[in-house]
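Peer 1: Data: start.txt, compact mmCIF, C-alpha atoms.
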```txt
# COMPACT_ATOMS: atom_id res chain seq x y z
CA MET A 1 1.24 268.63 121.47
CA LYS A 2 0.12 265.57 123.36
CA TYR A 3 2.17 263.11 125.31
CA LEU A 4 1.65 259.39 125.39
CA LYS A 5 0.30 258.04 128.66
CA LYS A 6 3.00 256.15 130.47
CA ASN A 7 0.94 253.11 131.35
CA ASN A 8 -0.93 252.88 128.10
CA LEU A 9 -0.20 250.23 125.57
CA LYS A 10 1.36 251.71 122.45
CA ILE A 11 0.90 250.04 119.13
CA VAL A 12 0.81 250.53 115.38
CA LEU A 13 -2.49 249.34 113.88
CA ASP A 14 -2.49 248.16 110.29
CA THR A 15 -4.99 249.63 107.84
CA ASN A 16 -7.14 246.52 107.59
CA LEU A 17 -7.66 246.45 111.35
CA ILE A 18 -8.76 250.06 111.52
CA ILE A 19 -11.25 249.40 108.76
CA TYR A 20 -12.62 246.31 110.52
CA LEU A 21 -12.83 248.13 113.85
CA SER A 22 -14.65 251.08 112.32
CA GLN A 23 -17.12 248.71 110.69
CA ILE A 24 -17.75 246.93 113.94
CA TYR A 25 -18.30 250.21 115.72
CA TYR A 26 -20.69 251.78 113.24
CA GLU A 27 -22.23 248.79 111.54
CA GLU A 28 -23.14 246.11 114.03
CA GLY A 29 -24.11 243.78 111.23
CA PHE A 30 -20.47 243.00 110.72
CA CYS A 31 -20.46 239.28 111.50
CA TYR A 32 -18.95 236.10 110.17
CA LYS A 33 -20.59 232.67 110.11
CA ASN A 34 -17.32 230.80 110.16
CA SER A 35 -16.39 229.91 113.75
CA ARG A 36 -12.73 230.74 113.32
CA LYS A 37 -13.65 234.18 112.09
CA ASN A 38 -16.13 234.54 114.94
CA LEU A 39 -13.19 234.17 117.27
CA LYS A 40 -11.47 236.92 115.36
CA ILE A 41 -14.52 239.14 115.80
CA HIS A 42 -14.36 238.48 119.52
CA TYR A 43 -10.74 239.65 119.60
CA LEU A 44 -11.61 242.70 117.53
CA ASN A 45 -14.38 243.58 119.96
CA GLU A 46 -11.91 243.51 122.80
CA VAL A 47 -9.44 245.70 120.93
CA LEU A 48 -12.28 248.11 120.25
CA GLY A 49 -13.17 248.11 123.94
CA MET A 50 -9.59 249.05 124.81
CA ILE A 51 -9.62 251.92 122.33
CA ILE A 52 -12.93 253.25 123.61
CA LYS A 53 -11.78 253.04 127.21
CA GLY A 54 -8.58 254.88 126.33
CA LYS A 55 -6.30 252.03 127.37
CA ILE A 56 -4.40 251.97 124.14
CA ASP A 57 -2.47 254.58 122.15
CA ILE A 58 -2.28 254.02 118.44
CA ILE A 59 0.40 255.47 116.22
CA LEU A 60 -0.70 256.01 112.63
CA THR A 61 2.35 255.94 110.41
CA PRO A 62 2.42 257.95 107.15
CA THR A 63 1.77 255.06 104.78
CA ILE A 64 -1.02 253.65 106.93
CA LEU A 65 -2.82 256.98 107.27
CA PHE A 66 -2.63 257.53 103.52
CA GLU A 67 -3.95 254.07 102.86
CA ILE A 68 -6.87 254.64 105.23
CA GLU A 69 -7.72 257.94 103.61
CA LYS A 70 -7.58 256.36 100.18
CA LEU A 71 -9.68 253.35 101.13
CA SER A 72 -12.16 255.24 103.28
CA GLU A 73 -14.32 256.24 100.30
CA LYS A 74 -14.84 252.59 99.42
CA PHE A 75 -16.29 252.09 102.90
CA ASN A 76 -18.56 255.15 102.80
CA GLY A 77 -16.15 257.22 104.85
CA VAL A 78 -16.59 254.98 107.89
CA PRO A 79 -12.85 254.53 108.66
CA THR A 80 -12.11 258.28 108.68
CA LYS A 81 -15.27 258.92 110.71
CA PHE A 82 -13.93 256.44 113.24
CA LEU A 83 -10.56 258.21 113.35
CA LYS A 84 -12.27 261.55 113.87
CA GLU A 85 -14.38 260.23 116.71
CA PHE A 86 -11.43 258.70 118.55
CA GLY A 87 -8.81 261.20 117.38
CA GLN A 88 -7.53 261.50 120.94
CA ARG A 89 -6.32 257.90 120.85
CA PHE A 90 -4.75 258.10 117.38
CA TYR A 91 -1.40 259.81 117.06
CA THR A 92 0.40 261.05 114.00
CA ILE A 93 4.13 261.55 114.11
CA ASN A 94 5.21 265.17 114.27
CA PHE A 95 8.58 266.09 112.82
CA GLU A 96 10.07 269.14 114.46
CA SER A 97 12.39 270.04 111.61
CA GLU A 98 13.02 269.30 107.95
CA GLU A 99 16.23 267.60 108.96
CA GLU A 100 14.39 265.26 111.29
CA LYS A 101 11.86 264.50 108.58
CA ASN A 102 14.57 263.80 106.01
CA THR A 103 16.42 261.52 108.37
CA TYR A 104 13.21 259.62 109.06
CA ILE A 105 12.51 259.19 105.34
CA LYS A 106 15.99 257.91 104.67
CA ASN A 107 15.88 255.58 107.62
CA VAL A 108 12.54 254.12 106.54
CA LYS A 109 13.91 253.54 103.08
CA LYS A 110 17.04 251.92 104.43
CA LEU A 111 15.21 249.67 106.80
CA ALA A 112 12.73 248.66 104.10
CA CYS A 113 15.69 247.76 101.91
CA ILE A 114 17.20 245.74 104.71
CA TYR A 115 13.97 243.78 105.13
CA CYS A 116 14.11 242.97 101.43
CA ASN A 117 17.85 242.24 101.62
CA ILE A 118 18.63 244.97 99.10
CA LYS A 119 22.05 246.42 99.43
CA THR A 120 21.76 250.20 99.57
CA ASN A 121 24.33 252.44 97.95
CA ASP A 122 23.94 255.03 100.61
CA LYS A 123 27.09 254.94 102.66
CA GLU A 124 26.37 258.09 104.55
CA GLU A 125 26.15 257.43 108.23
CA CYS A 126 22.85 258.47 109.72
CA ASN A 127 22.41 260.11 113.06
CA SER A 128 21.14 256.83 114.35
CA GLU A 129 23.31 254.30 116.09
CA ILE A 130 20.89 251.62 114.94
CA PHE A 131 21.76 252.18 111.32
CA ASN A 132 25.44 252.75 111.87
CA ARG A 133 25.59 249.34 113.48
CA TYR A 134 23.71 247.78 110.61
CA ILE A 135 25.75 249.51 107.91
CA ARG A 136 29.00 248.30 109.44
CA HIS A 137 27.70 244.76 109.50
CA PHE A 138 26.13 244.90 106.07
CA GLU A 139 29.21 246.28 104.38
CA LYS A 140 31.34 243.55 105.86
CA SER A 141 29.15 240.65 104.86
CA ASN A 142 27.49 242.17 101.79
CA SER A 143 24.31 240.39 102.79
CA LEU A 144 22.65 239.23 105.92
CA LYS A 145 23.41 235.54 106.17
CA GLU A 146 21.04 235.08 109.04
CA MET A 147 18.17 236.01 106.78
CA GLU A 148 17.22 232.78 105.02
CA GLU A 149 15.18 234.73 102.53
CA PRO A 150 14.09 238.38 102.31
CA PHE A 151 11.21 239.19 104.61
CA PHE A 152 9.35 241.00 101.85
CA LYS A 153 9.37 240.99 98.08
CA ILE A 154 11.04 243.46 95.77
CA TYR A 155 9.34 245.25 92.91
CA ASN A 156 11.68 246.69 90.33
CA LYS A 157 14.56 246.86 92.75
CA GLU A 158 12.43 248.73 95.26
CA PRO A 159 11.15 247.35 98.56
CA ALA A 160 7.55 246.18 98.58
CA PHE A 161 4.96 248.31 100.28
CA ASP A 162 4.76 245.89 103.21
CA ALA A 163 8.45 246.45 103.87
CA TYR A 164 7.79 250.18 104.22
CA ILE A 165 4.98 249.61 106.70
CA MET A 166 7.10 247.28 108.81
CA ALA A 167 10.03 249.70 108.64
CA GLU A 168 7.85 252.54 109.89
CA ALA A 169 6.59 250.47 112.79
CA SER A 170 10.13 249.40 113.65
CA LEU A 171 11.39 252.98 113.61
CA CYS A 172 8.73 253.76 116.19
CA ASN A 173 9.94 250.71 118.12
CA LEU A 174 6.37 249.42 118.27
CA ASN A 175 4.62 246.23 117.30
CA LEU A 176 2.45 246.20 114.21
CA LEU A 177 -0.93 244.65 114.95
CA THR A 178 -2.16 243.25 111.67
CA LEU A 179 -4.46 240.76 110.00
CA ASP A 180 -2.44 240.75 106.80
CA LYS A 181 -1.15 237.30 105.93
CA HIS A 182 1.92 238.81 104.28
CA PHE A 183 3.15 239.84 107.71
CA LEU A 184 2.08 236.65 109.47
CA ARG A 185 3.17 233.90 107.12
CA ASN A 186 5.74 231.18 107.90
CA ASN A 187 6.84 232.39 111.31
CA LEU A 188 7.71 235.76 109.84
CA PRO A 189 6.80 237.63 113.06
CA GLN A 190 9.31 235.57 115.03
CA LYS A 191 11.97 236.03 112.38
CA ILE A 192 11.50 239.78 112.23
CA GLN A 193 11.44 240.02 116.01
CA LYS A 194 14.71 238.11 116.30
CA PHE A 195 16.27 240.13 113.50
CA ASN A 196 15.21 243.49 114.93
CA GLN A 197 16.40 242.52 118.38
CA GLU A 198 19.74 241.22 117.22
CA TYR A 199 20.75 243.98 114.84
CA PHE A 200 18.92 247.04 116.02
CA LYS A 201 17.98 246.33 119.63
CA ILE A 202 14.38 247.14 118.86
CA LYS A 203 11.41 245.05 119.89
CA SER A 204 9.10 245.54 116.94
CA LYS A 205 7.40 242.64 115.24
CA PRO A 206 4.21 241.95 113.34
CA TRP A 207 1.57 240.93 115.83
CA SER A 208 -1.38 238.68 115.02
CA LEU A 209 -4.69 239.20 116.78
CA GLU A 210 -4.34 235.81 118.44
CA ASP A 211 -0.93 236.61 119.89
CA PHE A 212 -2.10 240.05 120.94
CA TYR A 213 -5.03 238.47 122.73
CA ILE A 214 -2.87 235.95 124.57
CA GLN A 215 -0.13 238.39 125.54
CA ILE A 216 -2.16 241.50 126.30
CA LEU A 217 -5.92 241.28 126.23
CA LYS A 218 -6.21 238.16 128.34
CA LYS A 219 -4.17 239.86 131.06
CA SER A 220 -6.06 243.13 130.87
CA PRO A 221 -8.17 244.06 133.91
CA THR A 222 -11.06 244.85 131.58
CA HIS A 223 -10.91 241.37 130.13
CA SER A 224 -13.10 239.57 132.70
CA LYS A 225 -15.89 242.13 132.37
CA ILE A 226 -15.90 241.76 128.64
CA GLN A 227 -15.81 237.98 128.88
CA ASN A 228 -18.90 237.92 131.09
CA LYS A 229 -20.90 239.45 128.32
CA LYS A 230 -20.15 236.44 126.13
CA GLY A 231 -19.10 238.50 123.19
CA ASN A 232 -22.30 240.49 122.89
CA LEU A 233 -21.19 243.49 120.90
CA VAL A 234 -23.80 245.98 122.08
CA SER A 235 -23.28 245.29 125.75
CA ILE A 236 -19.52 245.50 125.37
CA LEU A 237 -19.81 248.88 123.75
CA GLN A 238 -22.29 250.13 126.32
CA GLU A 239 -20.03 249.02 129.12
CA ALA A 240 -17.01 250.46 127.42
CA VAL A 241 -18.64 253.84 126.95
CA MET A 242 -19.71 253.92 130.59
CA MET B 1 15.39 262.88 82.04
CA ILE B 2 15.71 266.64 81.87
CA ASP B 3 16.35 268.09 78.45
CA ARG B 4 19.10 270.56 79.25
CA LYS B 5 18.78 272.39 75.94
CA ASN B 6 15.15 273.17 76.46
CA GLY B 7 14.62 274.63 79.87
CA GLU B 8 11.10 275.82 79.21
CA LYS B 9 9.97 272.41 78.06
CA THR B 10 11.44 270.92 81.20
CA LEU B 11 9.72 273.46 83.38
CA ASN B 12 6.34 272.73 81.81
CA LYS B 13 6.89 269.04 82.16
CA THR B 14 7.82 269.46 85.80
CA LYS B 15 4.69 271.48 86.44
CA LYS B 16 2.57 268.87 84.72
CA LEU B 17 4.08 266.16 86.81
CA THR B 18 3.60 268.08 89.99
CA ASP B 19 -0.06 268.60 89.08
CA PHE B 20 -0.33 264.95 88.21
CA LEU B 21 1.04 263.95 91.59
CA MET B 22 -1.27 266.32 93.39
CA GLN B 23 -4.26 264.93 91.52
CA LYS B 24 -3.31 261.34 91.99
CA LYS B 25 -2.37 261.94 95.59
CA TYR B 26 0.08 259.11 95.17
CA GLY B 27 -2.90 256.81 94.87
CA SER B 28 -1.39 253.60 93.65
CA PHE B 29 1.59 254.03 95.91
CA CYS B 30 -0.71 254.02 98.90
CA TYR B 31 -3.53 251.89 97.69
CA SER B 32 -2.11 248.73 96.25
CA LYS B 33 0.51 246.87 98.14
CA LYS B 34 1.18 244.50 95.30
CA LYS B 35 1.00 246.89 92.42
CA ASN B 36 4.11 247.63 90.52
CA LEU B 37 5.32 251.03 91.60
CA THR B 38 7.47 251.74 88.60
CA SER B 39 5.11 253.93 86.62
CA GLU B 40 4.50 256.44 89.38
CA VAL B 41 8.12 256.41 90.41
CA ASN B 42 9.14 257.13 86.83
CA ASP B 43 6.60 259.91 86.61
CA ILE B 44 8.30 261.72 89.42
CA SER B 45 11.71 261.40 87.85
CA VAL B 46 11.80 264.92 86.42
CA VAL B 47 10.85 266.42 89.75
CA ALA B 48 13.35 264.18 91.43
CA VAL B 49 16.23 265.09 89.15
CA LYS B 50 15.58 268.77 89.66
CA GLU B 51 15.33 268.45 93.41
CA PHE B 52 18.17 265.97 93.50
CA ARG B 53 20.48 268.57 91.98
CA ARG B 54 19.14 271.40 94.08
CA ASN B 55 19.41 269.57 97.36
CA ARG B 56 22.94 268.28 97.28
CA SER B 57 23.04 268.43 101.06
CA LEU B 58 20.66 265.48 101.23
CA LYS B 59 23.44 263.28 99.86
CA LEU B 60 21.14 260.91 98.07
CA SER B 61 23.27 258.27 96.48
CA SER B 62 21.42 257.73 93.24
CA LEU B 63 18.59 258.97 91.10
CA SER B 64 16.58 255.97 92.12
CA ASP B 65 17.02 256.97 95.74
CA ALA B 66 16.01 260.52 94.86
CA LYS B 67 12.82 259.37 93.16
CA ARG B 68 11.79 257.29 96.10
CA PHE B 69 12.89 259.94 98.56
CA PHE B 70 10.77 262.68 97.01
CA LEU B 71 7.76 260.49 96.44
CA TYR B 72 7.80 259.48 100.06
CA LYS B 73 8.63 263.01 101.20
CA LYS B 74 5.56 264.39 99.45
CA LEU B 75 3.51 261.72 101.11
CA ILE B 76 4.85 262.72 104.52
CA ASP B 77 4.29 266.42 103.82
CA ASP B 78 0.61 265.68 103.27
CA TYR B 79 0.52 263.28 106.20
CA GLY B 80 0.51 266.11 108.73
CA LYS B 81 -2.30 267.90 106.90
CA ILE B 82 -4.50 264.80 106.80
CA GLY B 83 -3.88 264.22 110.50
CA ASN B 84 -4.88 267.81 111.26
CA ASN B 85 -8.04 267.56 109.17
CA LEU B 86 -9.08 264.45 111.04
CA GLY B 87 -8.28 266.07 114.38
CA LEU B 88 -5.78 263.40 115.32
CA SER B 89 -3.35 263.83 118.17
CA LYS B 90 0.30 264.50 117.46
CA ILE B 91 3.35 263.06 119.02
CA ASN B 92 6.91 264.23 118.50
CA TYR B 93 9.09 261.73 116.72
CA LYS B 94 11.75 262.10 119.39
CA GLU B 95 9.33 261.01 122.06
CA ILE B 96 8.54 257.78 120.28
CA VAL B 97 12.09 256.73 119.57
```
Please, can you express the file's structure as structure tokens?
Peer 2:
Amino acid sequence: MKYLKKNNLKIVLDTNLIIYLSQIYYEEGFCYKNSRKNLKIHYLNEVLGMIIKGKIDIILTPTILFEIEKLSEKFNGVPTKFLKEFGQRFYTINFESEEEKNTYIKNVKKLACIYCNIKTNDKEECNSEIFNRYIRHFEKSNSLKEMEEPFFKIYNKEPAFDAYIMAEASLCNLNLLTLDKHFLRNNLPQKIQKFNQEYFKIKSKPWSLEDFYIQILKKSPTHSKIQNKKGNLVSILQEAVM
Amino acid sequence: MIDRKNGEKTLNKTKKLTDFLMQKKYGSFCYSKKKNLTSEVNDISVVAVKEFRRNRSLKLSSLSDAKRFFLYKKLIDDYGKIGNNLGLSKINYKEIV
């Protein structure tokens, strides 16, 4: 069993980001003509540099790992190859007992329902103070008035897949770095952050690459070195490996 | 739903569904974020009913909850195996939260 490094940044990476990063790493031809997307590539290069240098610990949640495995074939196995190569930096969650696993599953479901503003029938109190607090509130008000509209859609009375991914990240109390517009639309990151903080005292939110760059990468000690290379992918990787 | 009068039929159906789930590896559940999940969730209903009754201690509130619970549980059971195959690091859930 490994332990997370104290000073390392901990984060949940969305599937699309892992796929992009693996493509950048193995296929240098990955390049956009559009200037806005070029900026995105620059950010991705810096994230990749942090992974290679071991400055970042990435938690792969169950749904994200399954999605990567499923999609990997479409990308010639590049994403899973990337995970294998940097397996030390990618963590899966280990459940020590069936009870712990079951509690996690139920909590993910509950939180996903909350994000979709679905009232759950489950009145059993979990072992988590977070949910006890929520359940008390939810049963009083029958809905969360502060939520102008559900964060994610519902399909046949079940939370959307996105809601599950966000719920998993929140249960790990980590930010979800993503490119997915479903997580980043209409100030949704701010709304989720406020909501999580207020009800559950957790800090998780969806994180765009731009915000991640401003809040973390720009302040990183490795940043200046990478900047001097003017975004040249090969030199960044060479430096990072050294 | 389970046909109570025909246990054998139910058993075969359950086995078929289990095989089906193993083959599909919960594909659409994991692959498409937008795709309607109903069909796969319904397909697991027989397994869910059986397990729902067997595992009273889980206190699942409805059949719908049971379906979702077991679908997701199977996904998590395989999650550890995939992580091992890829040689990923492990971290105890308690340490994260």
Peer 1: Could you tell me how far CA of Asn8 (chain A) lies from CA of Asp57 (chain A), in Å and to one decimal?
Peer 2: 6.4 Å
Peer 1: Compile a residue-level contact table for chain A against chain B at a cut-off of 9 Å, reporting for every qualifying residue the shortest atom pair and its distance in Å to one decimal, with all atoms listed in the file counted, rows ordered by chain and ascending number, as JSON lines.
Peer 2:
```
{"residue": "A:Met1", "atom": "CA", "partner": "B:Lys90", "partner_atom": "CA", "distance": 5.8}
{"residue": "A:Lys2", "atom": "CA", "partner": "B:Ile91", "partner_atom": "CA", "distance": 6.0}
{"residue": "A:Tyr3", "atom": "CA", "partner": "B:Ile91", "partner_atom": "CA", "distance": 6.4}
{"residue": "A:Leu4", "atom": "CA", "partner": "B:Ile91", "partner_atom": "CA", "distance": 7.5}
{"residue": "A:Ile59", "atom": "CA", "partner": "B:Ile91", "partner_atom": "CA", "distance": 8.6}
{"residue": "A:Thr61", "atom": "CA", "partner": "B:Tyr79", "partner_atom": "CA", "distance": 8.7}
{"residue": "A:Pro62", "atom": "CA", "partner": "B:Tyr79", "partner_atom": "CA", "distance": 5.7}
{"residue": "A:Thr63", "atom": "CA", "partner": "B:Cys30", "partner_atom": "CA", "distance": 6.5}
{"residue": "A:Ile64", "atom": "CA", "partner": "B:Cys30", "partner_atom": "CA", "distance": 8.0}
{"residue": "A:Leu65", "atom": "CA", "partner": "B:Tyr79", "partner_atom": "CA", "distance": 7.2}
{"residue": "A:Phe66", "atom": "CA", "partner": "B:Cys30", "partner_atom": "CA", "distance": 6.1}
{"residue": "A:Glu67", "atom": "CA", "partner": "B:Cys30", "partner_atom": "CA", "distance": 5.1}
{"residue": "A:Ile68", "atom": "CA", "partner": "B:Tyr31", "partner_atom": "CA", "distance": 8.7}
{"residue": "A:Glu69", "atom": "CA", "partner": "B:Ile82", "partner_atom": "CA", "distance": 8.2}
{"residue": "A:Lys70", "atom": "CA", "partner": "B:Tyr31", "partner_atom": "CA", "distance": 6.5}
{"residue": "A:Leu71", "atom": "CA", "partner": "B:Tyr31", "partner_atom": "CA", "distance": 7.2}
{"residue": "A:Thr80", "atom": "CA", "partner": "B:Leu86", "partner_atom": "CA", "distance": 7.3}
{"residue": "A:Lys81", "atom": "CA", "partner": "B:Leu86", "partner_atom": "CA", "distance": 8.3}
{"residue": "A:Leu83", "atom": "CA", "partner": "B:Leu86", "partner_atom": "CA", "distance": 6.8}
{"residue": "A:Lys84", "atom": "CA", "partner": "B:Leu86", "partner_atom": "CA", "distance": 5.2}
{"residue": "A:Glu85", "atom": "CA", "partner": "B:Gly87", "partner_atom": "CA", "distance": 8.8}
{"residue": "A:Phe86", "atom": "CA", "partner": "B:Leu88", "partner_atom": "CA", "distance": 8.0}
{"residue": "A:Gly87", "atom": "CA", "partner": "B:Leu88", "partner_atom": "CA", "distance": 4.3}
{"residue": "A:Gln88", "atom": "CA", "partner": "B:Ser89", "partner_atom": "CA", "distance": 5.5}
{"residue": "A:Arg89", "atom": "CA", "partner": "B:Ser89", "partner_atom": "CA", "distance": 7.2}
{"residue": "A:Phe90", "atom": "CA", "partner": "B:Leu88", "partner_atom": "CA", "distance": 5.8}
{"residue": "A:Tyr91", "atom": "CA", "partner": "B:Ser89", "partner_atom": "CA", "distance": 4.6}
{"residue": "A:Thr92", "atom": "CA", "partner": "B:Lys90", "partner_atom": "CA", "distance": 4.9}
{"residue": "A:Ile93", "atom": "CA", "partner": "B:Ile91", "partner_atom": "CA", "distance": 5.2}
{"residue": "A:Asn94", "atom": "CA", "partner": "B:Asn92", "partner_atom": "CA", "distance": 4.7}
{"residue": "A:Phe95", "atom": "CA", "partner": "B:Tyr93", "partner_atom": "CA", "distance": 5.9}
{"residue": "A:Glu96", "atom": "CA", "partner": "B:Asn92", "partner_atom": "CA", "distance": 7.1}
{"residue": "A:Glu100", "atom": "CA", "partner": "B:Tyr93", "partner_atom": "CA", "distance": 8.4}
{"residue": "A:Lys101", "atom": "CA", "partner": "B:Lys73", "partner_atom": "CA", "distance": 8.2}
{"residue": "A:Asn102", "atom": "CA", "partner": "B:Lys73", "partner_atom": "CA", "distance": 7.7}
{"residue": "A:Tyr104", "atom": "CA", "partner": "B:Tyr93", "partner_atom": "CA", "distance": 8.9}
{"residue": "A:Ile105", "atom": "CA", "partner": "B:Phe69", "partner_atom": "CA", "distance": 6.8}
{"residue": "A:Lys106", "atom": "CA", "partner": "B:Phe69", "partner_atom": "CA", "distance": 7.1}
{"residue": "A:Lys109", "atom": "CA", "partner": "B:Phe69", "partner_atom": "CA", "distance": 7.9}
{"residue": "A:Thr120", "atom": "CA", "partner": "B:Ser61", "partner_atom": "CA", "distance": 8.8}
{"residue": "A:Asn121", "atom": "CA", "partner": "B:Ser61", "partner_atom": "CA", "distance": 6.1}
{"residue": "A:Asp122", "atom": "CA", "partner": "B:Ser61", "partner_atom": "CA", "distance": 5.3}
{"residue": "A:Lys123", "atom": "CA", "partner": "B:Ser61", "partner_atom": "CA", "distance": 8.0}
{"residue": "A:Glu124", "atom": "CA", "partner": "B:Lys59", "partner_atom": "CA", "distance": 7.6}
{"residue": "A:Tyr155", "atom": "CA", "partner": "B:Asn36", "partner_atom": "CA", "distance": 6.2}
{"residue": "A:Asn156", "atom": "CA", "partner": "B:Thr38", "partner_atom": "CA", "distance": 6.8}
{"residue": "A:Glu158", "atom": "CA", "partner": "B:Leu37", "partner_atom": "CA", "distance": 8.3}
{"residue": "A:Ala160", "atom": "CA", "partner": "B:Lys33", "partner_atom": "CA", "distance": 7.1}
{"residue": "A:Phe161", "atom": "CA", "partner": "B:Lys33", "partner_atom": "CA", "distance": 5.1}
{"residue": "A:Asp162", "atom": "CA", "partner": "B:Lys33", "partner_atom": "CA", "distance": 6.7}
{"residue": "A:Leu171", "atom": "CA", "partner": "B:Val97", "partner_atom": "CA", "distance": 7.1}
{"residue": "A:Cys172", "atom": "CA", "partner": "B:Val97", "partner_atom": "CA", "distance": 5.6}
{"residue": "A:Asn173", "atom": "CA", "partner": "B:Val97", "partner_atom": "CA", "distance": 6.6}
{"residue": "A:Leu174", "atom": "CA", "partner": "B:Ile96", "partner_atom": "CA", "distance": 8.9}
```
Peer 1: Could you state the separation of CA of Ser22 (chain A) and CA of Gly54 (chain A) in Å, given to one decimal place?
Peer 2: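 So the answer is 15.7 Å.
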Peer 1: Please report the interatomic distance between CA of Asn117 (chain A) and CA of Pro206 (chain A) in Å with one decimal.
Peer 2: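 One can read the CA of Asn117 (chain A) to CA of Pro206 (chain A) distance as 18.0 Å.
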Peer 1: Between A:Ala167, A:Leu17, A:Ile51, A:Leu184, which residue has the minimum interatomic distance to Ser208 (chain A), considering all atoms listed in the file?
Peer 2: A:Leu184
